[in-house]
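data-v5.tsv (TSV, C-alpha atoms)
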```
chain	number	residue	atom	x	y	z
A	1	GLU	CA	44.40	73.64	-106.86
A	2	VAL	CA	43.89	71.18	-104.03
A	3	GLN	CA	46.95	69.05	-103.35
A	4	LEU	CA	47.11	66.22	-100.85
A	5	LEU	CA	50.44	64.45	-100.47
A	6	GLU	CA	50.57	61.33	-98.33
A	7	SER	CA	53.74	59.93	-96.82
A	8	GLY	CA	54.86	57.41	-94.23
A	9	GLY	CA	53.85	54.17	-95.88
A	10	GLY	CA	56.11	51.16	-95.95
A	11	LEU	CA	56.65	47.55	-94.92
A	12	VAL	CA	56.06	46.63	-91.29
A	13	GLN	CA	55.62	43.39	-89.38
A	14	PRO	CA	52.33	42.35	-87.76
A	15	GLY	CA	51.87	44.04	-84.39
A	16	GLU	CA	54.07	47.00	-85.26
A	17	SER	CA	53.08	50.65	-85.62
A	18	LEU	CA	53.21	53.18	-88.42
A	19	ARG	CA	52.28	56.85	-88.74
A	20	LEU	CA	50.94	58.28	-91.98
A	21	SER	CA	50.96	61.96	-92.80
A	22	CYS	CA	49.18	64.06	-95.39
A	23	ALA	CA	50.40	67.52	-96.38
A	24	ALA	CA	47.55	69.66	-97.67
A	25	SER	CA	47.74	72.77	-99.83
A	26	GLY	CA	45.63	74.82	-102.22
A	27	PHE	CA	42.61	75.19	-99.95
A	28	SER	CA	41.61	76.41	-96.53
A	29	PHE	CA	42.62	73.27	-94.63
A	30	SER	CA	41.13	74.34	-91.31
A	31	SER	CA	37.69	74.78	-92.89
A	32	TYR	CA	37.08	71.17	-93.89
A	33	ALA	CA	36.82	67.75	-92.38
A	34	MET	CA	39.38	65.22	-93.57
A	35	SER	CA	39.27	61.46	-93.98
A	36	TRP	CA	41.42	58.43	-94.60
A	37	VAL	CA	40.17	55.78	-97.02
A	38	ARG	CA	42.06	52.60	-97.88
A	39	GLN	CA	42.11	50.12	-100.72
A	40	ALA	CA	43.59	46.65	-100.34
A	41	PRO	CA	45.45	45.35	-103.42
A	42	GLY	CA	42.94	44.48	-106.12
A	43	LYS	CA	40.01	45.26	-103.83
A	44	GLY	CA	37.46	48.01	-103.30
A	45	LEU	CA	37.44	51.15	-101.20
A	46	GLU	CA	37.01	51.14	-97.43
A	47	TRP	CA	36.42	54.21	-95.30
A	48	VAL	CA	38.82	54.25	-92.33
A	49	SER	CA	38.42	57.45	-90.32
A	50	THR	CA	37.28	61.08	-90.39
A	51	VAL	CA	38.13	64.13	-88.29
A	52	THR	CA	36.12	67.34	-88.20
A	53	ASN	CA	37.66	70.61	-89.33
A	54	ASP	CA	38.64	71.68	-85.82
A	55	GLY	CA	39.75	68.22	-84.72
A	56	GLY	CA	37.03	68.13	-82.12
A	57	ARG	CA	35.30	64.97	-83.31
A	58	THR	CA	36.71	61.80	-84.76
A	59	TYR	CA	35.04	58.80	-86.35
A	60	TYR	CA	36.39	55.32	-87.07
A	61	ALA	CA	35.40	52.20	-88.94
A	62	ASP	CA	34.84	49.25	-86.64
A	63	SER	CA	37.76	47.44	-88.29
A	64	VAL	CA	40.28	49.99	-86.95
A	65	LYS	CA	38.59	51.34	-83.82
A	66	GLY	CA	40.92	51.19	-80.83
A	67	ARG	CA	44.01	50.67	-83.02
A	68	PHE	CA	44.11	53.73	-85.27
A	69	THR	CA	44.06	57.41	-84.26
A	70	ILE	CA	43.34	60.27	-86.65
A	71	SER	CA	44.55	63.78	-85.87
A	72	ARG	CA	45.28	67.07	-87.58
A	73	ASP	CA	47.47	70.12	-87.10
A	74	ASN	CA	45.74	73.09	-88.68
A	75	SER	CA	48.78	75.30	-88.07
A	76	LYS	CA	50.82	73.01	-90.34
A	77	ASN	CA	48.04	71.94	-92.75
A	78	THR	CA	48.76	68.34	-91.90
A	79	LEU	CA	46.57	65.29	-91.36
A	80	SER	CA	47.91	62.20	-89.60
A	81	LEU	CA	46.92	58.59	-88.99
A	82	GLN	CA	48.65	56.70	-86.19
A	83	MET	CA	48.27	52.98	-86.81
A	84	ASN	CA	49.06	50.56	-83.99
A	85	SER	CA	48.84	46.77	-83.69
A	86	LEU	CA	48.91	46.42	-87.44
A	87	ARG	CA	47.53	43.27	-89.03
A	88	ALA	CA	48.00	41.66	-92.43
A	89	GLU	CA	44.48	42.78	-93.37
A	90	ASP	CA	45.53	46.42	-92.93
A	91	THR	CA	47.70	46.07	-96.03
A	92	ALA	CA	46.39	48.68	-98.47
A	93	VAL	CA	46.93	51.96	-100.22
A	94	TYR	CA	45.84	54.69	-97.81
A	95	TYR	CA	44.30	57.81	-99.31
A	96	CYS	CA	44.01	61.21	-97.65
A	97	VAL	CA	40.70	62.79	-98.66
A	98	GLU	CA	39.16	66.25	-98.27
A	99	VAL	CA	35.53	66.22	-97.15
A	100	VAL	CA	33.41	69.01	-98.58
A	101	GLY	CA	29.66	69.32	-98.24
A	102	ASN	CA	26.73	67.67	-96.53
A	103	GLY	CA	26.77	63.97	-95.78
A	104	TRP	CA	30.56	63.77	-95.57
A	105	PRO	CA	31.26	63.34	-99.30
A	106	LEU	CA	34.83	62.38	-100.17
A	107	SER	CA	35.65	65.25	-102.47
A	108	GLN	CA	39.36	65.47	-103.29
A	109	TRP	CA	41.74	62.52	-103.04
A	110	GLY	CA	45.49	62.31	-102.64
A	111	GLN	CA	47.56	59.81	-104.63
A	112	GLY	CA	47.87	57.42	-101.71
A	113	THR	CA	50.64	55.69	-99.80
A	114	LEU	CA	51.10	51.93	-99.62
A	115	VAL	CA	51.20	50.16	-96.27
A	116	THR	CA	52.28	46.52	-96.29
A	117	VAL	CA	51.97	44.43	-93.16
A	118	SER	CA	53.88	41.18	-93.52
A	119	SER	CA	56.38	39.04	-91.69
B	1	GLN	CA	31.51	41.79	-98.16
B	2	SER	CA	30.70	45.40	-99.07
B	3	ALA	CA	27.83	47.20	-97.40
B	4	LEU	CA	26.39	48.33	-100.74
B	5	THR	CA	25.82	46.00	-103.69
B	6	GLN	CA	26.97	46.85	-107.20
B	7	PRO	CA	27.17	44.67	-110.31
B	8	PRO	CA	30.79	43.65	-110.87
B	9	SER	CA	30.73	44.73	-114.50
B	10	ALA	CA	28.88	46.85	-117.04
B	11	SER	CA	29.55	47.69	-120.66
B	12	GLY	CA	28.39	49.76	-123.59
B	13	SER	CA	29.49	50.96	-126.98
B	14	PRO	CA	30.72	54.49	-127.65
B	15	GLY	CA	27.83	56.92	-127.76
B	16	GLN	CA	25.49	54.63	-125.85
B	17	SER	CA	24.21	55.07	-122.31
B	18	VAL	CA	24.88	52.72	-119.43
B	19	THR	CA	23.42	52.67	-115.92
B	20	ILE	CA	25.13	51.22	-112.86
B	21	SER	CA	23.04	50.34	-109.82
B	22	CYS	CA	23.96	50.46	-106.15
B	23	THR	CA	21.67	48.77	-103.64
B	24	GLY	CA	21.71	49.36	-99.91
B	25	THR	CA	19.20	49.50	-97.09
B	26	SER	CA	17.02	51.99	-95.27
B	27	SER	CA	20.00	52.60	-92.95
B	28	ASP	CA	22.16	54.03	-95.69
B	29	ILE	CA	20.96	54.83	-99.22
B	30	GLY	CA	17.27	54.75	-98.32
B	31	GLY	CA	17.69	56.87	-95.21
B	32	TYR	CA	19.66	59.81	-96.57
B	33	ASP	CA	20.17	61.76	-99.77
B	34	TYR	CA	23.92	61.44	-99.38
B	35	VAL	CA	24.96	59.07	-102.13
B	36	SER	CA	28.22	59.66	-103.99
B	37	TRP	CA	29.86	58.07	-107.01
B	38	HIS	CA	33.59	57.83	-107.60
B	39	GLN	CA	35.52	57.00	-110.77
B	40	GLN	CA	38.87	55.23	-110.57
B	41	HIS	CA	41.18	54.56	-113.48
B	42	PRO	CA	43.80	51.80	-113.07
B	43	GLY	CA	46.65	52.87	-110.83
B	44	LYS	CA	45.04	56.23	-110.10
B	45	ALA	CA	43.27	57.79	-107.16
B	46	PRO	CA	39.48	57.87	-107.14
B	47	LYS	CA	37.69	60.98	-108.37
B	48	LEU	CA	34.34	62.26	-107.12
B	49	MET	CA	31.79	62.31	-109.96
B	50	ILE	CA	28.44	62.68	-108.17
B	51	TYR	CA	27.51	63.75	-104.63
B	52	GLU	CA	24.24	64.19	-102.76
B	53	VAL	CA	22.63	61.75	-105.22
B	54	THR	CA	22.43	64.10	-108.22
B	55	LYS	CA	25.02	66.89	-107.91
B	56	ARG	CA	28.11	67.11	-110.09
B	57	PRO	CA	31.34	68.74	-108.90
B	58	SER	CA	32.76	71.44	-111.09
B	59	GLY	CA	34.50	69.96	-114.13
B	60	VAL	CA	32.54	66.70	-114.28
B	61	PRO	CA	30.80	66.35	-117.67
B	62	ASP	CA	27.02	66.48	-117.66
B	63	ARG	CA	27.08	63.07	-119.34
B	64	PHE	CA	27.27	61.75	-115.79
B	65	SER	CA	24.05	61.80	-113.80
B	66	GLY	CA	22.79	60.24	-110.58
B	67	SER	CA	19.44	59.24	-109.19
B	68	LYS	CA	17.89	57.32	-106.32
B	69	SER	CA	14.75	55.34	-105.70
B	70	GLY	CA	14.16	53.78	-102.33
B	71	ASN	CA	17.24	51.82	-101.29
B	72	THR	CA	18.83	51.84	-104.74
B	73	ALA	CA	20.95	54.54	-106.32
B	74	SER	CA	22.01	54.68	-109.95
B	75	LEU	CA	24.75	56.29	-112.01
B	76	THR	CA	24.03	56.87	-115.69
B	77	VAL	CA	26.77	57.64	-118.16
B	78	SER	CA	25.38	58.97	-121.43
B	79	GLY	CA	27.25	59.31	-124.70
B	80	LEU	CA	29.90	56.81	-123.61
B	81	GLN	CA	33.47	57.72	-124.42
B	82	ALA	CA	36.62	55.63	-124.31
B	83	GLU	CA	37.93	57.58	-121.32
B	84	ASP	CA	34.88	56.58	-119.28
B	85	GLU	CA	36.29	53.05	-119.02
B	86	ALA	CA	37.12	52.74	-115.32
B	87	ASP	CA	35.95	51.33	-112.01
B	88	TYR	CA	33.01	53.09	-110.41
B	89	TYR	CA	32.24	53.00	-106.70
B	90	CYS	CA	29.11	54.17	-104.95
B	91	SER	CA	29.16	55.34	-101.36
B	92	SER	CA	26.57	56.51	-98.86
B	93	TYR	CA	26.37	58.12	-95.48
B	94	ALA	CA	25.12	55.52	-93.00
B	95	GLY	CA	24.87	57.36	-89.71
B	96	SER	CA	27.26	58.88	-87.23
B	97	ASN	CA	28.98	55.56	-86.54
B	98	ASN	CA	29.57	54.82	-90.21
B	99	LEU	CA	30.18	57.97	-92.17
B	100	ASN	CA	30.84	56.30	-95.49
B	101	VAL	CA	29.93	52.84	-96.72
B	102	PHE	CA	31.04	51.71	-100.16
B	103	GLY	CA	29.87	49.38	-102.84
B	104	GLY	CA	32.23	46.74	-104.16
B	105	GLY	CA	32.78	48.60	-107.42
B	106	THR	CA	31.69	48.15	-111.03
B	107	LYS	CA	34.14	47.80	-113.88
B	108	LEU	CA	32.78	49.76	-116.83
B	109	THR	CA	34.04	48.61	-120.22
B	110	VAL	CA	33.59	50.69	-123.35
B	111	LEU	CA	33.33	48.18	-126.17
```
As structure tokens, the full file:
Amino acid sequence: EVQLLESGGGLVQPGESLRLSCAASGFSFSSYAMSWVRQAPGKGLEWVSTVTNDGGRTYYADSVKGRFTISRDNSKNTLSLQMNSLRAEDTAVYYCVEVVGNGWPLSQWGQGTLVTVSS
Amino acid sequence: QSALTQPPSASGSPGQSVTISCTGTSSDIGGYDYVSWHQQHPGKAPKLMIYEVTKRPSGVPDRFSGSKSGNTASLTVSGLQAEDEADYYCSSYAGSNNLNVFGGGTKLTVL
């Protein structure tokens, strides 16, 4: 059974940094691309970033490009999201998502971790 | 403003069928057969219900089906059940600079 457990969320002030982690188990982590998707309170889903299975290519939404960095450690089955220069509009639940198949479908979702950016 | 357009709400009685639309452009839905649908119950994580327009992941009931025509994709839920009441989000591949674009979501109510 695929399990994705996010951690690292919390309350930070605007301009500060935060690092999210996702511990993956139950599947061959190094075989699949992984993504982060976020959902602001009461709002819809927004794709944030994706990394290929080997970490060789990364992709970002325009809203986070230059501020967020996605990475993975296949030896530890861990996905990370380094978030710098945080803004109030980054407040959201951040989901770790396994990508399986053609066209980058978001296949298996973690339970999410809440990031709140507020002074 | 979401990239894809969905109706904010839809409803149907138990046993009926309901269809939810998702409209994009030739740069996303119309350009690729990579449309997905996700179900989200309140307070829960989303769940993939349909991928590559028409395919169902293992474990998803065949009451859920997807289709596409031009720049519009659709999710049909047949034989509505109480547990189908949830928010539904469409998403599409939109090129290498925008791997996933989402619709704003549709709240499905089972009357």
Once you count all atoms listed in the file, which residues of chain A turn out to be within 6 Å of chain B? Could you give them as a PDB file with C-alpha atoms, in the frame of the given file?
```
ATOM      1  CA  GLY A  44      37.460  48.010-103.300  1.00  0.00           C
ATOM      2  CA  TRP A  47      36.420  54.210 -95.300  1.00  0.00           C
ATOM      3  CA  GLY A 103      26.770  63.970 -95.780  1.00  0.00           C
ATOM      4  CA  SER A 107      35.650  65.250-102.470  1.00  0.00           C
ATOM      5  CA  GLN A 111      47.560  59.810-104.630  1.00  0.00           C
TER       6      GLN A 111
END
```
Give me, please, the distance in Å between CA of Thr76 in chain B and CA of Gln39 in chain B, quoted to one decimal.
->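 If I compute the distance from CA of Thr76 in chain B to CA of Gln39 in chain B, I get 12.5 Å.
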The residue from A:Thr58, A:Thr91, A:Ser28, A:Asn84 with the smallest atom-to-atom distance to Val115 in chain A, counting only C-alpha atoms, is A:Thr91
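For the pair CA of Gly79 in chain B and CA of Ile20 in chain B, the separation is 14.5 Å.
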Arg19 in chain A: which residues within 8 Å, counting all atoms listed in the file, same-chain residues fewer than 5 positions away excluded, as a ChimeraX atom specification?
-> /A:8-9,80-83
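For Tyr94 in chain A, the list of residues within 8 Å, based on only C-alpha atoms and with local chain neighbours fewer than 6 positions off taken out, reads Trp36, Val37, Arg38, Gln39, Gly112, Thr113, Leu114 and Val115 of chain A.
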Residue nearest Asp62 in chain B - candidates B:Pro7, B:Ile29, B:Ser74, B:Leu80, atoms counted: all atoms listed in the file |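 Of B:Pro7, B:Ile29, B:Ser74, B:Leu80, the one nearest Asp62 in chain B is B:Leu80, counting all atoms listed in the file.
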